[in-house]
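A short write-up of the structure that comes next.
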Amino acid sequence: MAVVVALAGSPGSRSRSSGLLQRGIELLGESGVTVKQFSLSDFVAEDLIYGRFDSPDVQAFNAAVKHADGLLIASPVYKAAYSGGLKTLIDLLPEGALTNKIALNLATGGSAAFTLSLDHALQPVLNSLKVKLVVGGVFATDRDVAWQADGSFHVEADIEERLHIAINAFVSYLPHASRAATDQRALVDGIRLGRIST
């Protein structure tokens, strides 16, 4: 069975990016993928700021990444880039930590103008860690996703569709995954129409 580490790049459990990540996790579960979740709130801030590689929490995270087949990352976009807290954690991964691993990036932000921010900001960092493949990404604006008063998380239909396409593509590259019924034509059309970034 495939194993994926899901990483929330926001410390808030009710942030839009964390909600989008949770929806991605649900879809992975439906595809038979085991998910290990981490959030910035799982780590002592000083351990991240001062680069404490010997922190038990950091070591547990690094071990989980080492034994995972893929990495699902979600981050809010600040100043046209992913969160600084996420960068401090990624900096604590050892060299080559993502060798032979598949990644999928999710992001939320105030404007569609930041759609390519993760491709330009986060993907080079993942490449430096020797990621095998980054399977595009899904970006949602603050109007596309939101927490509701009843505690549920609302995702607009077009974002939900993009997320399904991206998760199916992600799962299709994972080893040992029970294959989701990926509609290859829809995937190609989605990429062609710019519905998921490449």
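Going through the structure tokens in order, the chains are called A, B, and so on, while each chain numbers its residues from 1 and the ligands are numbered from 1 in the order shown.
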Task: Close residues, range 74-86 of chain A itself excluded, 9 Å, only C-alpha atoms, min 4 positions apart in chain, as a count of residues only - done: 33
Open item on the list: Can you pull out every residue from range 19-194 of chain A that DSSP, working from the backbone, puts in helix (DSSP H, G or I), and format the result as a PyMOL selection string?
Closed with: chain A and resi 19-30+40-42+45-49+56-66+84-90+112-114+117-128+157-173+184-192
TODO: Quick one: pull the distance between CA of Phe61 in chain A and CA of Ile25 in chain A, Å, one decimal.
DONE: 17.4 Å
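Within 12 Å of Gly29 in chain A, once only C-alpha atoms are used and residues closer than 2 positions along the same chain are dropped, the contacting residues are A:Met1, A:Ala2, A:Val3, A:Val4, A:Ala6, A:Gln22, A:Arg23, A:Gly24, A:Ile25, A:Glu26, A:Leu27, A:Ser31, A:Gly32, A:Val33, A:Thr34, A:Val35, A:Lys36, A:Ile167, A:Asn168, A:Val171, A:Ala177, A:Ser178, A:Arg179, A:Ala180.
Of the listed residues (A:Leu28, A:Leu129, A:Glu156, A:Val58), A:Val58 comes nearest to Asp42 in chain A; the distances count only C-alpha atoms.
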- [ ] Determine the nearest neighbour of Leu92 in chain A from the options A:Asp119, A:Asp69, A:Phe43, A:Val131, counting only C-alpha atoms.
- [x] A:Phe43
Open item on the list: I need the strand (DSSP E or B) residues of range 15-79 of chain A per DSSP on the backbone, written as a list of chain:residue names.
Closed with: A:Thr34, A:Val35, A:Lys36, A:Gln37, A:Phe38, A:Ser39, A:Gly70, A:Leu71, A:Leu72, A:Ile73, A:Ala74, A:Ser75, A:Pro76, A:Tyr78
Task: Separation of CA of Val134 in chain A from CA of Val155 in chain A, in Å and rounded to one decimal - done: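 Calculated distance between CA of Val134 in chain A and CA of Val155 in chain A is 23.1 Å.
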Task: Separation of CA of Gln37 in chain A from CA of Ala103 in chain A, in Å and rounded to one decimal - done: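 Here the two named atoms are 14.4 Å from each other.
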- [ ] Select, from A:Leu98, A:Ala112, A:Val44, A:Ala146, the residue with the minimum atom-to-atom distance to Lys132 in chain A, counting only C-alpha atoms.
- [x] A:Leu98
